[in-house]
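One file, protein-v4.cif, is given below (mmCIF, C-alpha atoms, pLDDT in the B column; chains and numbers go by the auth columns).
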data_entry
loop_
_atom_site.group_PDB
_atom_site.id
_atom_site.type_symbol
_atom_site.label_atom_id
_atom_site.label_comp_id
_atom_site.label_asym_id
_atom_site.label_seq_id
_atom_site.Cartn_x
_atom_site.Cartn_y
_atom_site.Cartn_z
_atom_site.B_iso_or_equiv
_atom_site.auth_seq_id
_atom_site.auth_asym_id
ATOM 1 C CA MET A 1 -115.561 -18.035 -46.050 65.00 1065 A
ATOM 2 C CA SER A 2 -114.045 -18.717 -49.448 80.00 1066 A
ATOM 3 C CA PRO A 3 -111.858 -21.762 -50.094 90.00 1067 A
ATOM 4 C CA ILE A 4 -108.101 -21.278 -49.956 94.00 1068 A
ATOM 5 C CA HIS A 5 -105.677 -21.785 -52.825 95.00 1069 A
ATOM 6 C CA PHE A 6 -101.947 -22.342 -52.674 96.00 1070 A
ATOM 7 C CA TYR A 7 -99.401 -21.116 -55.200 95.00 1071 A
ATOM 8 C CA LYS A 8 -95.843 -22.185 -55.849 95.00 1072 A
ATOM 9 C CA THR A 9 -93.654 -19.553 -54.229 94.00 1073 A
ATOM 10 C CA GLU A 10 -91.621 -19.156 -57.420 94.00 1074 A
ATOM 11 C CA GLU A 11 -94.714 -17.768 -59.176 93.00 1075 A
ATOM 12 C CA LEU A 12 -94.780 -14.857 -56.730 95.00 1076 A
ATOM 13 C CA LEU A 13 -91.107 -14.282 -55.904 93.00 1077 A
ATOM 14 C CA PRO A 14 -90.528 -11.163 -58.029 94.00 1078 A
ATOM 15 C CA THR A 15 -93.573 -9.416 -56.520 96.00 1079 A
ATOM 16 C CA ALA A 16 -92.815 -10.648 -52.985 96.00 1080 A
ATOM 17 C CA TYR A 17 -89.162 -9.549 -53.083 96.00 1081 A
ATOM 18 C CA ARG A 18 -89.976 -6.129 -54.557 97.00 1082 A
ATOM 19 C CA LEU A 19 -92.783 -5.531 -52.093 97.00 1083 A
ATOM 20 C CA PHE A 20 -90.691 -6.690 -49.132 98.00 1084 A
ATOM 21 C CA LYS A 21 -87.891 -4.282 -50.053 98.00 1085 A
ATOM 22 C CA GLU A 22 -90.369 -1.388 -50.336 97.00 1086 A
ATOM 23 C CA GLU A 23 -92.019 -2.237 -47.007 97.00 1087 A
ATOM 24 C CA LYS A 24 -88.698 -2.804 -45.246 98.00 1088 A
ATOM 25 C CA ASP A 25 -87.422 0.593 -46.392 98.00 1089 A
ATOM 26 C CA HIS A 26 -90.616 2.254 -45.156 97.00 1090 A
ATOM 27 C CA ILE A 27 -90.506 0.435 -41.798 98.00 1091 A
ATOM 28 C CA LEU A 28 -86.842 1.325 -41.258 98.00 1092 A
ATOM 29 C CA THR A 29 -87.602 4.978 -41.957 97.00 1093 A
ATOM 30 C CA LEU A 30 -90.024 4.901 -39.011 97.00 1094 A
ATOM 31 C CA CYS A 31 -88.114 2.411 -36.841 97.00 1095 A
ATOM 32 C CA PRO A 32 -84.410 2.577 -37.705 97.00 1096 A
ATOM 33 C CA ASN A 33 -83.354 0.213 -34.893 96.00 1097 A
ATOM 34 C CA ALA A 34 -85.671 -2.604 -35.966 98.00 1098 A
ATOM 35 C CA LEU A 35 -84.594 -5.840 -37.600 98.00 1099 A
ATOM 36 C CA VAL A 36 -86.979 -6.440 -40.494 98.00 1100 A
ATOM 37 C CA GLU A 37 -87.261 -10.019 -41.764 98.00 1101 A
ATOM 38 C CA HIS A 38 -89.052 -11.485 -44.776 98.00 1102 A
ATOM 39 C CA VAL A 39 -90.666 -14.596 -43.292 97.00 1103 A
ATOM 40 C CA GLY A 40 -93.439 -16.953 -44.301 94.00 1104 A
ATOM 41 C CA ALA A 41 -93.733 -19.058 -47.419 96.00 1105 A
ATOM 42 C CA THR A 42 -92.829 -16.338 -49.939 97.00 1106 A
ATOM 43 C CA SER A 43 -89.374 -16.234 -48.314 97.00 1107 A
ATOM 44 C CA ILE A 44 -88.803 -19.983 -48.771 96.00 1108 A
ATOM 45 C CA PRO A 45 -88.003 -21.221 -52.286 94.00 1109 A
ATOM 46 C CA GLY A 46 -89.826 -24.447 -53.094 96.00 1110 A
ATOM 47 C CA SER A 47 -92.690 -23.820 -50.709 97.00 1111 A
ATOM 48 C CA LEU A 48 -96.402 -23.486 -51.265 97.00 1112 A
ATOM 49 C CA THR A 49 -97.943 -20.161 -50.284 96.00 1113 A
ATOM 50 C CA LEU A 50 -101.356 -18.595 -49.877 95.00 1114 A
ATOM 51 C CA GLY A 51 -99.913 -15.660 -51.822 95.00 1115 A
ATOM 52 C CA ASP A 52 -99.334 -13.232 -48.981 96.00 1116 A
ATOM 53 C CA LEU A 53 -96.242 -11.452 -47.704 98.00 1117 A
ATOM 54 C CA ASP A 54 -95.238 -12.011 -44.072 97.00 1118 A
ATOM 55 C CA ILE A 55 -92.921 -9.538 -42.380 98.00 1119 A
ATOM 56 C CA GLN A 56 -91.430 -9.873 -38.912 98.00 1120 A
ATOM 57 C CA ILE A 57 -90.260 -6.714 -37.162 98.00 1121 A
ATOM 58 C CA ARG A 58 -87.876 -7.616 -34.339 98.00 1122 A
ATOM 59 C CA VAL A 59 -87.213 -4.981 -31.678 98.00 1123 A
ATOM 60 C CA THR A 60 -85.879 -4.595 -28.161 98.00 1124 A
ATOM 61 C CA ALA A 61 -88.255 -4.548 -25.204 98.00 1125 A
ATOM 62 C CA GLN A 62 -87.559 -0.828 -24.831 98.00 1126 A
ATOM 63 C CA ASP A 63 -88.621 -0.147 -28.432 98.00 1127 A
ATOM 64 C CA PHE A 64 -91.676 -2.426 -28.561 98.00 1128 A
ATOM 65 C CA GLN A 65 -94.437 0.037 -27.621 97.00 1129 A
ATOM 66 C CA SER A 66 -93.094 2.910 -29.711 97.00 1130 A
ATOM 67 C CA THR A 67 -92.597 0.576 -32.679 98.00 1131 A
ATOM 68 C CA CYS A 68 -96.202 -0.598 -32.453 98.00 1132 A
ATOM 69 C CA GLU A 69 -97.413 3.009 -32.339 97.00 1133 A
ATOM 70 C CA LYS A 70 -95.359 3.920 -35.401 98.00 1134 A
ATOM 71 C CA ILE A 71 -96.424 0.799 -37.306 97.00 1135 A
ATOM 72 C CA LYS A 72 -100.088 1.727 -36.724 96.00 1136 A
ATOM 73 C CA SER A 73 -99.502 4.690 -39.036 95.00 1137 A
ATOM 74 C CA ILE A 74 -98.911 2.396 -42.045 95.00 1138 A
ATOM 75 C CA TYR A 75 -100.703 -0.881 -41.207 97.00 1139 A
ATOM 76 C CA TYR A 76 -104.011 -1.916 -39.644 97.00 1140 A
ATOM 77 C CA GLU A 77 -104.172 -3.596 -36.253 96.00 1141 A
ATOM 78 C CA ASN A 78 -104.830 -7.312 -36.620 96.00 1142 A
ATOM 79 C CA HIS A 79 -106.318 -9.635 -33.969 93.00 1143 A
ATOM 80 C CA PRO A 80 -105.644 -7.310 -31.012 93.00 1144 A
ATOM 81 C CA TYR A 81 -107.048 -9.956 -28.653 92.00 1145 A
ATOM 82 C CA LEU A 82 -103.890 -12.021 -29.406 91.00 1146 A
ATOM 83 C CA TRP A 83 -101.496 -9.203 -28.566 95.00 1147 A
ATOM 84 C CA THR A 84 -99.192 -9.477 -25.568 95.00 1148 A
ATOM 85 C CA SER A 85 -96.506 -7.248 -24.115 96.00 1149 A
ATOM 86 C CA GLU A 86 -94.046 -9.028 -26.478 96.00 1150 A
ATOM 87 C CA PHE A 87 -96.091 -9.601 -29.647 97.00 1151 A
ATOM 88 C CA ALA A 88 -98.396 -7.572 -31.903 98.00 1152 A
ATOM 89 C CA LEU A 89 -100.028 -8.238 -35.267 97.00 1153 A
ATOM 90 C CA PHE A 90 -100.786 -5.862 -38.107 98.00 1154 A
ATOM 91 C CA HIS A 91 -101.922 -6.274 -41.691 97.00 1155 A
ATOM 92 C CA LYS A 92 -102.451 -4.646 -45.026 96.00 1156 A
ATOM 93 C CA LYS A 93 -104.796 -7.203 -46.567 93.00 1157 A
ATOM 94 C CA ASP A 94 -106.009 -4.643 -49.096 92.00 1158 A
ATOM 95 C CA HIS A 95 -102.612 -4.008 -50.732 93.00 1159 A
ATOM 96 C CA PRO A 96 -103.162 -4.118 -54.522 93.00 1160 A
ATOM 97 C CA ASP A 97 -100.135 -6.349 -55.228 95.00 1161 A
ATOM 98 C CA MET A 98 -100.196 -8.819 -52.352 96.00 1162 A
ATOM 99 C CA PRO A 99 -101.867 -8.976 -48.931 96.00 1163 A
ATOM 100 C CA MET A 100 -99.459 -8.524 -46.025 97.00 1164 A
ATOM 101 C CA SER A 101 -99.234 -9.691 -42.430 97.00 1165 A
ATOM 102 C CA ILE A 102 -96.819 -7.992 -40.057 98.00 1166 A
ATOM 103 C CA MET A 103 -95.652 -9.391 -36.724 98.00 1167 A
ATOM 104 C CA VAL A 104 -93.841 -7.187 -34.216 98.00 1168 A
ATOM 105 C CA THR A 105 -91.874 -9.233 -31.690 98.00 1169 A
ATOM 106 C CA ILE A 106 -89.400 -8.572 -28.943 98.00 1170 A
ATOM 107 C CA ILE A 107 -86.025 -10.126 -29.719 98.00 1171 A
ATOM 108 C CA ASP A 108 -85.287 -13.387 -27.879 96.00 1172 A
ATOM 109 C CA THR A 109 -88.778 -13.896 -26.490 95.00 1173 A
ATOM 110 C CA ARG A 110 -91.024 -16.903 -27.073 91.00 1174 A
ATOM 111 C CA PHE A 111 -92.726 -15.065 -29.956 93.00 1175 A
ATOM 112 C CA ASP A 112 -89.467 -14.361 -31.781 94.00 1176 A
ATOM 113 C CA GLU A 113 -89.651 -17.553 -33.864 91.00 1177 A
ATOM 114 C CA PHE A 114 -90.831 -16.571 -37.339 94.00 1178 A
ATOM 115 C CA TYR A 115 -87.361 -16.046 -38.823 95.00 1179 A
ATOM 116 C CA LYS A 116 -86.166 -19.259 -37.130 93.00 1180 A
ATOM 117 C CA THR A 117 -88.983 -21.247 -38.740 92.00 1181 A
ATOM 118 C CA ARG A 118 -88.086 -19.711 -42.119 95.00 1182 A
ATOM 119 C CA ASP A 119 -84.441 -20.676 -41.699 95.00 1183 A
ATOM 120 C CA LEU A 120 -85.348 -24.194 -40.592 93.00 1184 A
ATOM 121 C CA LEU A 121 -87.615 -24.776 -43.600 95.00 1185 A
ATOM 122 C CA LYS A 122 -84.944 -23.423 -45.957 96.00 1186 A
ATOM 123 C CA LYS A 123 -82.377 -25.799 -44.452 95.00 1187 A
ATOM 124 C CA ASP A 124 -84.501 -28.931 -43.869 94.00 1188 A
ATOM 125 C CA LYS A 125 -85.918 -30.013 -47.241 95.00 1189 A
ATOM 126 C CA ASP A 126 -87.668 -33.033 -45.681 95.00 1190 A
ATOM 127 C CA MET A 127 -89.577 -30.812 -43.277 93.00 1191 A
ATOM 128 C CA LEU A 128 -90.441 -28.407 -46.102 96.00 1192 A
ATOM 129 C CA GLU A 129 -91.800 -31.321 -48.117 96.00 1193 A
ATOM 130 C CA LYS A 130 -93.932 -32.446 -45.146 94.00 1194 A
ATOM 131 C CA TYR A 131 -95.210 -28.898 -44.686 95.00 1195 A
ATOM 132 C CA ASN A 132 -96.059 -28.584 -48.393 97.00 1196 A
ATOM 133 C CA THR A 133 -97.891 -31.917 -48.197 96.00 1197 A
ATOM 134 C CA LEU A 134 -99.889 -30.613 -45.254 95.00 1198 A
ATOM 135 C CA LYS A 135 -100.757 -27.474 -47.184 96.00 1199 A
ATOM 136 C CA SER A 136 -101.827 -29.361 -50.275 96.00 1200 A
ATOM 137 C CA GLN A 137 -104.309 -31.343 -48.158 95.00 1201 A
ATOM 138 C CA PHE A 138 -106.147 -28.074 -47.476 94.00 1202 A
ATOM 139 C CA GLU A 139 -106.430 -26.880 -51.081 95.00 1203 A
ATOM 140 C CA GLY A 140 -110.021 -25.694 -51.558 95.00 1204 A
ATOM 141 C CA LYS A 141 -110.833 -25.939 -47.844 94.00 1205 A
ATOM 142 C CA SER A 142 -111.294 -23.243 -45.214 92.00 1206 A
ATOM 143 C CA LEU A 143 -108.511 -21.061 -43.904 90.00 1207 A
ATOM 144 C CA GLU A 144 -109.493 -21.888 -40.320 90.00 1208 A
ATOM 145 C CA GLU A 145 -109.094 -25.633 -40.937 91.00 1209 A
ATOM 146 C CA TYR A 146 -105.659 -25.019 -42.428 92.00 1210 A
ATOM 147 C CA LYS A 147 -104.539 -22.695 -39.609 88.00 1211 A
ATOM 148 C CA LYS A 148 -105.545 -25.253 -36.982 89.00 1212 A
ATOM 149 C CA SER A 149 -103.542 -27.983 -38.700 90.00 1213 A
ATOM 150 C CA LYS A 150 -100.582 -25.611 -39.174 88.00 1214 A
ATOM 151 C CA ARG A 151 -100.569 -24.819 -35.428 85.00 1215 A
ATOM 152 C CA GLU A 152 -100.518 -28.554 -34.695 87.00 1216 A
ATOM 153 C CA PHE A 153 -97.678 -29.085 -37.175 87.00 1217 A
ATOM 154 C CA PHE A 154 -95.430 -26.403 -35.687 82.00 1218 A
ATOM 155 C CA GLY A 155 -96.659 -26.418 -32.097 74.00 1219 A
ATOM 156 C CA PRO A 156 -97.040 -23.343 -29.903 63.00 1220 A
ATOM 157 C CA ASN A 157 -94.860 -20.538 -31.248 54.00 1221 A
ATOM 158 C CA GLY A 158 -93.200 -22.984 -33.646 52.00 1222 A
ATOM 159 C CA GLN A 159 -91.449 -24.615 -30.719 52.00 1223 A
ATOM 160 C CA ASN A 160 -92.163 -28.268 -31.593 50.00 1224 A
ATOM 161 C CA ARG A 161 -90.435 -28.082 -34.965 50.00 1225 A
ATOM 162 C CA LEU A 162 -87.652 -25.798 -33.786 52.00 1226 A
ATOM 163 C CA LEU A 163 -86.814 -27.976 -30.764 46.00 1227 A
ATOM 164 C CA ASN A 164 -86.963 -31.187 -32.790 50.00 1228 A
ATOM 165 C CA SER A 165 -84.585 -29.712 -35.367 50.00 1229 A
ATOM 166 C CA LYS A 166 -81.881 -29.313 -32.706 48.00 1230 A
ATOM 167 C CA LYS A 167 -81.797 -33.039 -31.870 42.00 1231 A
#
As structure tokens, please, write out the structure in this file.
Amino acid sequence: MSPIHFYKTEELLPTAYRLFKEEKDHILTLCPNALVEHVGATSIPGSLTLGDLDIQIRVTAQDFQSTCEKIKSIYYENHPYLWTSEFALFHKKDHPDMPMSIMVTIIDTRFDEFYKTRDLLKKDKDMLEKYNTLKSQFEGKSLEEYKKSKREFFGPNGQNRLLNSKK
């Protein structure tokens, strides 16, 4: 596994914003009732990013299965062993401009936290600084090491940070 490298989000914003708009338009053509959110580091000014685009597709429970079927026509299934009846992962790692990860979640379930984490990090500069510090500690290390530490930082489904922010 190759070592990871972080970029300043500002270096990638024009590409990330353009690509998100293109993908959102395509997703909404297939799934007009979906809420499509730009999440992840490229949506948070001042953050460090691995240089990928994260998209959350939020749908009702009634639309979840059909949305996943439609999304399969434009993205690859990702980690199907992690899928639940409320959460599915897709990707387009081979996109020429920027690799993409797509999360389909049912609105107001425990997996519907990606946009909340984005909003929290945009609002709480101290937490963003702590998260960037964590990321910088993994520069040149393995992705798996970083992901493990990231899960510990946010807690299951981002709940630790989101709950602490409400205090």
Next on the checklist: One number please: CA of Asn1196 (chain A) to CA of Glu1101 (chain A), in Å, one decimal.
Outcome noted: 21.6 Å
Checklist outcome for this item: Counting only C-alpha atoms, the residue among A:Val1168, A:Leu1112, A:Ile1135, A:Leu1185 that lies closest to Phe1070 (chain A) is A:Leu1112
Item to check | Exercise: region 1123-1127 of chain A partners within 7 Å, all atoms listed in the file, chain neighbours under 5 positions left out, as number ranges by chain | outcome: A: 1098-1099, 1169-1171
Keeping C-alpha atoms, export the residues of the selection given above as a short mmCIF file (atom, residue, chain, number, x, y, z; two decimals), in the frame of the given file.
data_model
loop_
_atom_site.label_atom_id
_atom_site.label_comp_id
_atom_site.auth_asym_id
_atom_site.auth_seq_id
_atom_site.Cartn_x
_atom_site.Cartn_y
_atom_site.Cartn_z
CA ALA A 1098 -85.67 -2.60 -35.97
CA LEU A 1099 -84.59 -5.84 -37.60
CA THR A 1169 -91.87 -9.23 -31.69
CA ILE A 1170 -89.40 -8.57 -28.94
CA ILE A 1171 -86.02 -10.13 -29.72
#
Checklist entry - Exactly which residues make up the result of the PyMOL selection byres ((chain A and resi 1134) around 12) on this file, given as a count of residues only? => result 25
Next on the checklist: What does the structure give for the distance between CA of Leu1083 (chain A) and CA of Tyr1179 (chain A), in Å to one decimal?
Outcome noted: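 So the answer is 17.8 Å.
Computed from the coordinates, the CA of Met1164 (chain A) to CA of Ile1108 (chain A) distance equals 15.9 Å.
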Item to check | Within 12 Å of Lys1157 (chain A) using only C-alpha atoms, minus same-chain residues under 4 positions, as a PyMOL selection string | outcome: chain A and resi 1115-1118+1139-1142+1161-1166
Selected region 1184-1206 of chain A, written as a PDB file, in the first residue's frame, N, CA and C atoms:
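Saved result, decode.pdb, follows:
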ATOM      1  N   LEU A1184     -20.309  20.793  11.188  1.00  0.00           N
ATOM      2  CA  LEU A1184     -19.620  20.982  12.463  1.00  0.00           C
ATOM      3  C   LEU A1184     -18.191  21.476  12.243  1.00  0.00           C
ATOM      4  N   LEU A1185     -17.469  20.843  11.319  1.00  0.00           N
ATOM      5  CA  LEU A1185     -16.084  21.243  11.065  1.00  0.00           C
ATOM      6  C   LEU A1185     -15.996  22.624  10.424  1.00  0.00           C
ATOM      7  N   LYS A1186     -16.999  23.017   9.662  1.00  0.00           N
ATOM      8  CA  LYS A1186     -17.021  24.370   9.100  1.00  0.00           C
ATOM      9  C   LYS A1186     -17.244  25.405  10.203  1.00  0.00           C
ATOM     10  N   LYS A1187     -18.046  25.046  11.190  1.00  0.00           N
ATOM     11  CA  LYS A1187     -18.425  25.966  12.259  1.00  0.00           C
ATOM     12  C   LYS A1187     -17.386  26.013  13.384  1.00  0.00           C
ATOM     13  N   ASP A1188     -16.806  24.870  13.734  1.00  0.00           N
ATOM     14  CA  ASP A1188     -15.916  24.762  14.890  1.00  0.00           C
ATOM     15  C   ASP A1188     -14.457  24.728  14.432  1.00  0.00           C
ATOM     16  N   LYS A1189     -13.842  25.896  14.357  1.00  0.00           N
ATOM     17  CA  LYS A1189     -12.463  26.008  13.852  1.00  0.00           C
ATOM     18  C   LYS A1189     -11.467  25.258  14.732  1.00  0.00           C
ATOM     19  N   ASP A1190     -11.724  25.198  16.036  1.00  0.00           N
ATOM     20  CA  ASP A1190     -10.835  24.465  16.946  1.00  0.00           C
ATOM     21  C   ASP A1190     -10.851  22.967  16.618  1.00  0.00           C
ATOM     22  N   MET A1191     -12.031  22.434  16.381  1.00  0.00           N
ATOM     23  CA  MET A1191     -12.128  21.022  16.035  1.00  0.00           C
ATOM     24  C   MET A1191     -11.480  20.754  14.676  1.00  0.00           C
ATOM     25  N   LEU A1192     -11.664  21.664  13.725  1.00  0.00           N
ATOM     26  CA  LEU A1192     -11.031  21.509  12.419  1.00  0.00           C
ATOM     27  C   LEU A1192      -9.512  21.503  12.568  1.00  0.00           C
ATOM     28  N   GLU A1193      -8.996  22.376  13.412  1.00  0.00           N
ATOM     29  CA  GLU A1193      -7.552  22.414  13.635  1.00  0.00           C
ATOM     30  C   GLU A1193      -7.062  21.094  14.246  1.00  0.00           C
ATOM     31  N   LYS A1194      -7.808  20.553  15.198  1.00  0.00           N
ATOM     32  CA  LYS A1194      -7.439  19.265  15.806  1.00  0.00           C
ATOM     33  C   LYS A1194      -7.477  18.149  14.756  1.00  0.00           C
ATOM     34  N   TYR A1195      -8.474  18.183  13.902  1.00  0.00           N
ATOM     35  CA  TYR A1195      -8.602  17.163  12.863  1.00  0.00           C
ATOM     36  C   TYR A1195      -7.459  17.282  11.853  1.00  0.00           C
ATOM     37  N   ASN A1196      -7.118  18.505  11.463  1.00  0.00           N
ATOM     38  CA  ASN A1196      -5.981  18.705  10.557  1.00  0.00           C
ATOM     39  C   ASN A1196      -4.673  18.235  11.193  1.00  0.00           C
ATOM     40  N   THR A1197      -4.517  18.476  12.490  1.00  0.00           N
ATOM     41  CA  THR A1197      -3.329  18.006  13.200  1.00  0.00           C
ATOM     42  C   THR A1197      -3.258  16.486  13.166  1.00  0.00           C
ATOM     43  N   LEU A1198      -4.392  15.848  13.404  1.00  0.00           N
ATOM     44  CA  LEU A1198      -4.449  14.389  13.327  1.00  0.00           C
ATOM     45  C   LEU A1198      -4.025  13.924  11.940  1.00  0.00           C
ATOM     46  N   LYS A1199      -4.580  14.544  10.924  1.00  0.00           N
ATOM     47  CA  LYS A1199      -4.240  14.151   9.554  1.00  0.00           C
ATOM     48  C   LYS A1199      -2.752  14.316   9.277  1.00  0.00           C
ATOM     49  N   SER A1200      -2.200  15.434   9.693  1.00  0.00           N
ATOM     50  CA  SER A1200      -0.792  15.682   9.391  1.00  0.00           C
ATOM     51  C   SER A1200       0.130  14.656  10.050  1.00  0.00           C
ATOM     52  N   GLN A1201      -0.319  14.038  11.130  1.00  0.00           N
ATOM     53  CA  GLN A1201       0.471  12.996  11.791  1.00  0.00           C
ATOM     54  C   GLN A1201       0.557  11.727  10.935  1.00  0.00           C
ATOM     55  N   PHE A1202      -0.312  11.604   9.953  1.00  0.00           N
ATOM     56  CA  PHE A1202      -0.335  10.403   9.116  1.00  0.00           C
ATOM     57  C   PHE A1202       0.227  10.638   7.719  1.00  0.00           C
ATOM     58  N   GLU A1203       0.789  11.815   7.492  1.00  0.00           N
ATOM     59  CA  GLU A1203       1.441  12.097   6.204  1.00  0.00           C
ATOM     60  C   GLU A1203       2.516  11.042   5.959  1.00  0.00           C
ATOM     61  N   GLY A1204       2.459  10.398   4.796  1.00  0.00           N
ATOM     62  CA  GLY A1204       3.452   9.389   4.429  1.00  0.00           C
ATOM     63  C   GLY A1204       3.218   8.015   5.035  1.00  0.00           C
ATOM     64  N   LYS A1205       2.152   7.870   5.808  1.00  0.00           N
ATOM     65  CA  LYS A1205       1.854   6.572   6.435  1.00  0.00           C
ATOM     66  C   LYS A1205       0.754   5.862   5.651  1.00  0.00           C
ATOM     67  N   SER A1206       0.272   4.755   6.185  1.00  0.00           N
ATOM     68  CA  SER A1206      -0.727   3.971   5.453  1.00  0.00           C
ATOM     69  C   SER A1206      -2.135   4.528   5.658  1.00  0.00           C
TER      70      SER A1206
END
